[in-house]
Every structure is written in C-alpha cells, then in structure tokens.
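Data block for work.txt (compact mmCIF, C-alpha atoms):
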```
# COMPACT_ATOMS: atom_id res chain seq x y z
CA MET Y 1 -41.48 6.13 -41.56
CA PRO Y 2 -43.84 9.13 -41.59
CA GLY Y 3 -44.71 10.33 -38.11
CA CYS Y 4 -42.07 8.11 -36.45
CA ASN Y 5 -39.86 9.68 -33.80
CA PRO Y 6 -36.41 7.98 -33.97
CA ARG Y 7 -35.54 9.05 -30.44
CA SER Y 8 -38.75 7.54 -29.09
CA THR Y 9 -38.06 4.31 -30.96
CA ASP Y 10 -34.48 4.14 -29.65
CA SER Y 11 -35.65 4.83 -26.09
CA SER Y 12 -38.29 2.12 -26.31
CA ALA Y 13 -35.73 -0.37 -27.60
CA LEU Y 14 -33.32 0.48 -24.78
CA ARG Y 15 -36.07 -0.01 -22.22
CA ARG Y 16 -36.88 -3.43 -23.67
CA VAL Y 17 -33.22 -4.45 -23.62
CA SER Y 18 -32.85 -3.18 -20.06
CA ALA Y 19 -35.96 -5.05 -18.95
CA GLY Y 20 -34.72 -8.23 -20.60
CA LEU Y 21 -31.32 -8.00 -18.90
CA ALA Y 22 -32.98 -7.32 -15.54
CA ALA Y 23 -35.20 -10.38 -15.97
CA LEU Y 24 -32.18 -12.53 -16.81
CA ASN Y 25 -30.34 -11.18 -13.77
CA ALA Y 26 -33.28 -12.12 -11.56
CA ARG Y 27 -33.29 -15.67 -12.92
CA HIS Y 28 -29.54 -16.09 -12.39
CA PRO Y 29 -28.60 -13.86 -9.43
CA TRP Y 30 -25.11 -13.50 -7.95
CA SER Y 31 -23.44 -11.48 -5.24
CA HIS Y 32 -21.25 -8.81 -6.80
CA ASN Y 33 -19.38 -8.24 -3.52
CA ASP Y 34 -18.75 -11.91 -2.70
CA HIS Y 35 -17.49 -12.34 -6.25
CA PHE Y 36 -14.41 -10.26 -5.36
CA HIS Y 37 -13.37 -12.36 -2.36
CA GLY Y 38 -11.32 -14.40 -4.81
CA TRP Y 39 -9.50 -11.29 -6.06
CA ILE Y 40 -8.59 -10.35 -2.49
CA LEU Y 41 -7.38 -13.85 -1.66
CA ARG Y 42 -5.14 -13.83 -4.75
CA HIS Y 43 -3.48 -10.58 -3.69
CA LEU Y 44 -2.66 -11.17 -0.03
CA PRO Y 45 0.60 -9.83 1.42
CA SER Y 46 3.40 -12.17 2.37
CA ALA Y 47 3.05 -11.26 6.06
CA ARG Y 48 -0.02 -12.98 7.49
CA GLY Y 49 -0.22 -11.81 11.10
CA ALA Y 50 -3.24 -9.52 11.38
CA ALA Y 51 -6.01 -8.60 8.93
CA LEU Y 52 -8.70 -5.94 9.19
CA ASP Y 53 -11.92 -6.12 7.18
CA ILE Y 54 -13.73 -2.77 7.22
CA GLY Y 55 -17.46 -3.05 6.57
CA CYS Y 56 -17.48 -6.81 7.08
CA GLY Y 57 -21.18 -7.31 6.35
CA THR Y 58 -22.26 -10.83 7.29
CA GLY Y 59 -18.67 -12.03 7.71
CA GLY Y 60 -18.00 -13.98 4.53
CA LEU Y 61 -14.62 -12.43 3.82
CA ALA Y 62 -13.56 -12.66 7.48
CA ILE Y 63 -14.24 -16.40 7.35
CA ALA Y 64 -12.08 -16.76 4.23
CA LEU Y 65 -9.26 -14.74 5.80
CA ALA Y 66 -9.34 -16.73 9.05
CA ASP Y 67 -7.57 -19.66 7.37
CA ARG Y 68 -4.80 -17.38 6.15
CA PHE Y 69 -4.11 -14.96 9.03
CA GLU Y 70 -3.29 -15.41 12.68
CA GLN Y 71 -5.89 -12.82 13.70
CA VAL Y 72 -8.77 -11.26 11.79
CA THR Y 73 -10.62 -8.17 13.02
CA ALA Y 74 -13.94 -7.56 11.25
CA ILE Y 75 -15.77 -4.29 11.82
CA ASP Y 76 -19.05 -2.82 10.63
CA ALA Y 77 -21.00 0.27 11.65
CA ASP Y 78 -24.33 -1.51 11.23
CA ALA Y 79 -25.60 -3.45 14.25
CA ALA Y 80 -27.53 -5.99 12.17
CA MET Y 81 -24.43 -6.79 10.11
CA VAL Y 82 -22.36 -7.22 13.26
CA ARG Y 83 -24.89 -9.65 14.72
CA ALA Y 84 -24.91 -11.69 11.51
CA ALA Y 85 -21.10 -11.70 11.27
CA ARG Y 86 -20.71 -12.76 14.89
CA LEU Y 87 -23.09 -15.64 14.34
CA ALA Y 88 -21.27 -16.71 11.17
CA THR Y 89 -17.80 -16.59 12.79
CA ALA Y 90 -18.72 -17.90 16.24
CA ALA Y 91 -16.67 -21.07 15.76
CA LEU Y 92 -13.52 -19.20 14.67
CA PRO Y 93 -11.42 -18.19 17.70
CA ASN Y 94 -9.07 -15.99 15.65
CA VAL Y 95 -11.89 -13.73 14.34
CA ALA Y 96 -13.11 -10.75 16.37
CA VAL Y 97 -16.20 -8.89 15.15
CA ARG Y 98 -16.86 -5.37 16.42
CA GLN Y 99 -19.36 -2.63 15.78
CA SER Y 100 -17.03 0.17 14.84
CA GLY Y 101 -15.87 2.53 12.15
CA PRO Y 102 -12.26 2.64 10.91
CA GLU Y 103 -11.57 5.77 12.95
CA ASP Y 104 -11.94 3.80 16.20
CA VAL Y 105 -9.60 0.93 15.33
CA GLU Y 106 -6.23 0.75 17.06
CA GLY Y 107 -3.07 -0.91 15.80
CA ARG Y 108 -1.69 -1.70 12.37
CA PHE Y 109 -2.46 -4.62 10.09
CA ASP Y 110 -0.75 -6.65 7.40
CA LEU Y 111 -3.94 -6.49 5.35
CA VAL Y 112 -6.76 -3.95 5.32
CA THR Y 113 -9.79 -4.65 3.12
CA MET Y 114 -12.93 -2.78 2.09
CA ILE Y 115 -15.68 -4.10 -0.17
CA ALA Y 116 -18.40 -1.63 -1.22
CA VAL Y 117 -17.58 0.62 1.74
CA LEU Y 118 -15.43 3.47 0.42
CA HIS Y 119 -18.40 5.32 -1.08
CA HIS Y 120 -20.06 5.42 2.37
CA LEU Y 121 -17.14 7.50 3.71
CA PRO Y 122 -15.51 10.85 2.90
CA LEU Y 123 -13.02 9.88 0.21
CA ARG Y 124 -9.73 11.51 1.19
CA PRO Y 125 -10.07 11.01 4.99
CA ALA Y 126 -10.92 7.36 4.37
CA LEU Y 127 -7.83 6.85 2.21
CA LEU Y 128 -5.66 8.57 4.81
CA ARG Y 129 -7.08 6.27 7.49
CA LEU Y 130 -6.31 3.21 5.37
CA ARG Y 131 -2.72 4.42 5.08
CA GLU Y 132 -2.50 4.78 8.87
CA LEU Y 133 -3.92 1.33 9.54
CA VAL Y 134 -1.67 -0.73 7.27
CA ALA Y 135 1.69 -1.94 8.57
CA PRO Y 136 4.92 -1.41 6.59
CA GLY Y 137 4.94 -3.90 3.74
CA GLY Y 138 1.25 -4.57 4.29
CA ARG Y 139 -1.44 -4.27 1.70
CA VAL Y 140 -4.67 -2.31 1.21
CA LEU Y 141 -7.24 -4.00 -1.02
CA VAL Y 142 -10.42 -2.10 -1.87
CA VAL Y 143 -13.41 -3.02 -4.02
CA GLY Y 144 -15.61 -0.02 -4.71
CA LEU Y 145 -18.29 1.64 -6.78
CA ALA Y 146 -18.33 4.91 -8.69
CA PRO Y 147 -21.00 6.64 -10.78
CA PRO Y 148 -20.51 7.13 -14.51
CA ALA Y 149 -19.30 10.67 -15.21
CA SER Y 150 -17.63 10.41 -18.63
CA VAL Y 151 -18.05 8.65 -21.94
CA SER Y 152 -15.57 5.94 -20.92
CA ASP Y 153 -17.43 5.47 -17.62
CA THR Y 154 -20.72 5.04 -19.47
CA VAL Y 155 -19.23 2.60 -21.96
CA TRP Y 156 -17.83 0.53 -19.10
CA ASP Y 157 -21.19 0.51 -17.29
CA LEU Y 158 -22.91 -0.64 -20.48
CA SER Y 159 -20.40 -3.47 -20.86
CA CYS Y 160 -21.08 -4.46 -17.24
CA ALA Y 161 -24.82 -4.44 -17.92
CA VAL Y 162 -24.27 -6.92 -20.74
CA THR Y 163 -21.78 -9.19 -18.95
CA ASN Y 164 -23.67 -9.12 -15.64
CA PRO Y 165 -26.27 -11.76 -16.64
CA LEU Y 166 -23.60 -13.83 -18.39
CA ILE Y 167 -21.62 -14.05 -15.15
CA GLY Y 168 -24.88 -14.96 -13.41
CA LEU Y 169 -25.41 -17.82 -15.85
CA VAL Y 170 -21.96 -19.20 -15.01
CA LYS Y 171 -22.22 -18.73 -11.25
CA HIS Y 172 -25.89 -19.66 -10.90
CA PRO Y 173 -26.81 -21.79 -13.94
CA ARG Y 174 -30.08 -23.01 -12.48
CA VAL Y 175 -33.00 -20.63 -12.67
CA ALA Y 176 -33.70 -19.14 -9.24
CA ARG Y 177 -37.27 -19.84 -8.17
CA THR Y 178 -37.07 -17.41 -5.26
CA PRO Y 179 -34.84 -14.34 -4.67
CA LEU Y 180 -31.50 -14.93 -2.97
CA ASP Y 181 -31.77 -14.74 0.81
CA ARG Y 182 -29.59 -11.74 1.54
CA ALA Y 183 -29.28 -9.59 4.63
CA PRO Y 184 -30.48 -5.99 4.19
CA PHE Y 185 -27.11 -4.31 3.68
CA PRO Y 186 -26.98 -0.55 4.24
CA VAL Y 187 -27.09 1.17 0.85
CA ALA Y 188 -25.65 4.49 -0.31
CA GLU Y 189 -25.30 5.89 -3.81
CA PRO Y 190 -21.65 6.47 -4.82
CA SER Y 191 -20.74 10.07 -5.57
CA ALA Y 192 -16.96 10.19 -6.14
CA THR Y 193 -16.10 9.43 -9.76
CA ILE Y 194 -13.35 7.14 -10.98
CA ALA Y 195 -11.34 10.20 -11.98
CA GLU Y 196 -11.71 11.73 -8.51
CA ILE Y 197 -10.81 8.46 -6.79
CA ARG Y 198 -7.79 7.97 -9.03
CA SER Y 199 -6.57 11.50 -8.30
CA ALA Y 200 -7.00 11.08 -4.53
CA THR Y 201 -5.28 7.68 -4.44
CA ARG Y 202 -2.31 8.96 -6.43
CA GLU Y 203 -1.84 11.61 -3.78
CA VAL Y 204 -2.55 9.60 -0.63
CA LEU Y 205 -1.49 6.10 -1.74
CA PRO Y 206 1.23 6.69 -4.34
CA GLY Y 207 1.92 3.67 -6.48
CA SER Y 208 -1.55 2.22 -5.98
CA ARG Y 209 -3.27 0.33 -8.81
CA LEU Y 210 -6.88 1.18 -9.64
CA ARG Y 211 -8.74 -0.84 -12.27
CA ARG Y 212 -12.30 -0.99 -13.54
CA ARG Y 213 -13.84 -4.41 -13.00
CA GLU Y 214 -16.91 -6.42 -13.84
CA GLY Y 215 -20.10 -6.02 -11.84
CA PHE Y 216 -19.91 -2.19 -11.94
CA ARG Y 217 -16.98 -2.32 -9.52
CA PHE Y 218 -13.39 -1.10 -9.39
CA THR Y 219 -10.44 -2.53 -7.47
CA LEU Y 220 -7.72 -0.61 -5.69
CA ALA Y 221 -4.52 -2.25 -4.47
CA TRP Y 222 -1.70 -0.59 -2.58
CA THR Y 223 1.35 -1.97 -0.79
CA ALA Y 224 2.72 0.17 2.03
CA PRO Y 225 6.43 1.02 1.76
```
Just give me the structure of the file as structure tokens.
Amino acid sequence: MPGCNPRSTDSSALRRVSAGLAALNARHPWSHNDHFHGWILRHLPSARGAALDIGCGTGGLAIALADRFEQVTAIDADAAMVRAARLATAALPNVAVRQSGPEDVEGRFDLVTMIAVLHHLPLRPALLRLRELVAPGGRVLVVGLAPPASVSDTVWDLSCAVTNPLIGLVKHPRVARTPLDRAPFPVAEPSATIAEIRSATREVLPGSRLRRREGFRFTLAWTAP
C-alpha cells in the first residue's frame, strides 16, 4: 500500500496481540511461583530429615514440605513475608520461619529450595552457598528467572507469552472479577542470562540439570555427591 510503513504495521499488530494476551491473563490469573511447588514435590530426595526453603514468601512451599520432612526451616529477608509465613504455618510444629539470608543459616539439609530468589543474589556466591548447605546425597531445587539475551531466549519467552494465558484458563477457568489477593513480594529484575547461569552451575554444581520451563521460568536440580 502506498505510504504504508510495514514496520509500523507490524509493531501495531504486536502491541494488539500483547494487549490481548495481557487482558486474557488478567481474566484467568495464576501464580507462576506456586505452580512449581508440584515440580519440587516430585523431585524430593530419599532422605527426608531437614529441608530449607530460601525466600519462603508467604509459606506455601514450607506448608507442603511439612508433611514430607521431619523439620522445615523457612527463611526470608523480607519482614512482611516472614510475618505472613509465620501466620500461615503457626499450626505446624515442625516448621520454623526466620528472617534471614542464606549466609546466616547453620547446618546442612537434605533439601534446599529457592523459588524466584536466585536473581536477587550474586550468582556464583549464591550457588556456592547452596552447595555448602546441602547434605551429602541431598538435593538442591531452584526455580528461577533470566532475561532473554539470545534468539533462543527470545523464542522461548514468546512461547511462554502464548502459553501463559492457556495455563491460566486451565488453572483458573472462571473469569476473575477482582485481582488475586497476593502479598507484595519484593521484586527485582533478573540480570544473569541462562547461558551465564548454566556456565556457573556447571562449575559450582557439576552434574546439575538446568531446563527452561513455562511461565518464563527455569528449573535447576542438583544432587550432592
């Protein structure tokens, strides 16, 4: 068409698609982090003595682990999250919630978990600390985020953008009339790329498995020798 700018047309179409997906997400919301509790529970170690959840948020994962471990320690650096987690786990005598970072934790654990926490911390020191905290034969299970930095990263993010509302339809089929009531979790933009995380984990946690996942997330699993 005379006078038509193809790039402008493409950009306008992308904005409309993006707006439509965002509207569908809002009608069928779901918690990307809670979604991965099931993945963690399917990959627990055989030893079930002590578990450590780093960045426990409001305590949902700690509650799920309480039925499977003798003792669960849940930590978070944010005071509001600690208050919410303590309230949620008050009836569970084998769950201890503390305001702490991983550097202040003592002891070793059969399971160490992190969901949407790794990008809040310096990458290599955090991985080294995970290695120190897990007991021999224990397992580290991490769910994280990374920014797109390559063509494959961008393709994966686009696929997540498309599947995101579809997962919402399955998990929350009824249209939400009001936004989900969620605590104000501390937010930080991820900076370490998938390639950087994969390189660091190969060095610090040899034999670990890192996979891209739905919901713009990746999973990292490592069993201590």
*Skipping near chain neighbours, those fewer than 5 positions away, what residues fall within 7 Å of Gly137 of chain Y using only C-alpha atoms, listed as a PyMOL selection string?*
chain Y and resi 223-225
*asked:* My list of candidates is Y:Arg217, Y:Arg86, Y:Arg48, Y:His120. Which is closest to Glu70 of chain Y when distances are computed with only C-alpha atoms?
replied: Y:Arg48
*Excluding Ile75 of chain Y and residues on its chain fewer than 4 positions from it, collect all residues at most 6 Å away from it, counting all atoms listed in the file, and give them as number ranges by chain.*
Y: 54-56, 97-100
How would the residues just picked look written out with C-alpha atoms as a short mmCIF file (atom, residue, chain, number, x, y, z; two decimals), in the frame of the given file?
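Printed below is out09.cif as written:
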```
data_model
loop_
_atom_site.label_atom_id
_atom_site.label_comp_id
_atom_site.auth_asym_id
_atom_site.auth_seq_id
_atom_site.Cartn_x
_atom_site.Cartn_y
_atom_site.Cartn_z
CA ILE Y 54 -13.73 -2.77 7.22
CA GLY Y 55 -17.46 -3.05 6.57
CA CYS Y 56 -17.48 -6.81 7.08
CA VAL Y 97 -16.20 -8.89 15.15
CA ARG Y 98 -16.86 -5.37 16.42
CA GLN Y 99 -19.36 -2.63 15.78
CA SER Y 100 -17.03 0.17 14.84
#
```
*Which residues, protein or nucleic acid, reach to within 12 Å of (-7.0, 11.4, -5.2) in the file's coordinates when using only C-alpha atoms, and can you give that as a VMD selection string?*
chain Y and resid 122 to 128 192 to 208 210
*Of the candidates Y:Ala47, Y:Ala84, Y:Val187, Y:Ala149, which one gets nearest to Val117 of chain Y if we count only C-alpha atoms?*
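Smallest distance to Val117 of chain Y is found for Y:Val187.
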*From the set Y:Val151, Y:Ala79, Y:Leu141, Y:Leu133, which residue has the shortest atom-to-atom contact distance to Val105 of chain Y, counting only C-alpha atoms?*
Y:Leu133
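Among the candidates Y:Ala64, Y:Leu92, Y:Ala161, Y:Val72, the one nearest to Phe36 of chain Y when counting only C-alpha atoms is Y:Ala64.
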_Would you pick out the contacts of Leu145 of chain Y at 12 Å or less, using only C-alpha atoms, so that residues sharing its chain but fewer than 3 positions from it are not included, and give the list as a ChimeraX atom specification?_
/Y:32-33,114-120,142,148,153,157,187-194,197,210-220
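Between atom CA of Arg139 of chain Y and atom CA of Pro45 of chain Y the separation is 5.9 Å.
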_Non-local contacts of Ala62 of chain Y (8 Å; all atoms listed in the file; under 5 positions in same chain excluded) as JSON, numbers by chain_ = {"Y": [53, 56, 72, 73, 74, 89, 95]}
Excluding Gly49 of chain Y and any residue of its chain fewer than 6 positions from it, enumerate the residues within 8 Å of it, using all atoms listed in the file, and give them as a short mmCIF file (atom, residue, chain, number, x, y, z; two decimals) with C-alpha atoms, keeping the file's coordinate frame.
```cif
data_model
loop_
_atom_site.label_atom_id
_atom_site.label_comp_id
_atom_site.auth_asym_id
_atom_site.auth_seq_id
_atom_site.Cartn_x
_atom_site.Cartn_y
_atom_site.Cartn_z
CA PHE Y 69 -4.11 -14.96 9.03
CA GLU Y 70 -3.29 -15.41 12.68
CA GLN Y 71 -5.89 -12.82 13.70
CA PHE Y 109 -2.46 -4.62 10.09
CA ASP Y 110 -0.75 -6.65 7.40
#
```
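Atom CA of Leu121 of chain Y lies 29.0 Å from atom CA of Asp67 of chain Y.
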*Enter the distance from atom CA of Ala90 of chain Y to atom CA of Asp34 of chain Y, in Å, rounded to one decimal.*
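Atom CA of Ala90 of chain Y sits 19.9 Å away from atom CA of Asp34 of chain Y.
Nearest residue to Leu44 of chain Y, choosing from Y:Gly144, Y:Gly138, Y:Pro93, Y:Gly57 and counting all atoms listed in the file: Y:Gly138.
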Could you put an axis-aligned box around every listed atom of segment 70-87 of chain Y, padded by 5 Å on each side, and send me its centre and edge lengths in Å to one decimal, as AutoDock Vina command-line options?
```
--center_x -15.4 --center_y -7.7 --center_z 12.5 --size_x 34.2 --size_y 25.9 --size_z 14.8
```
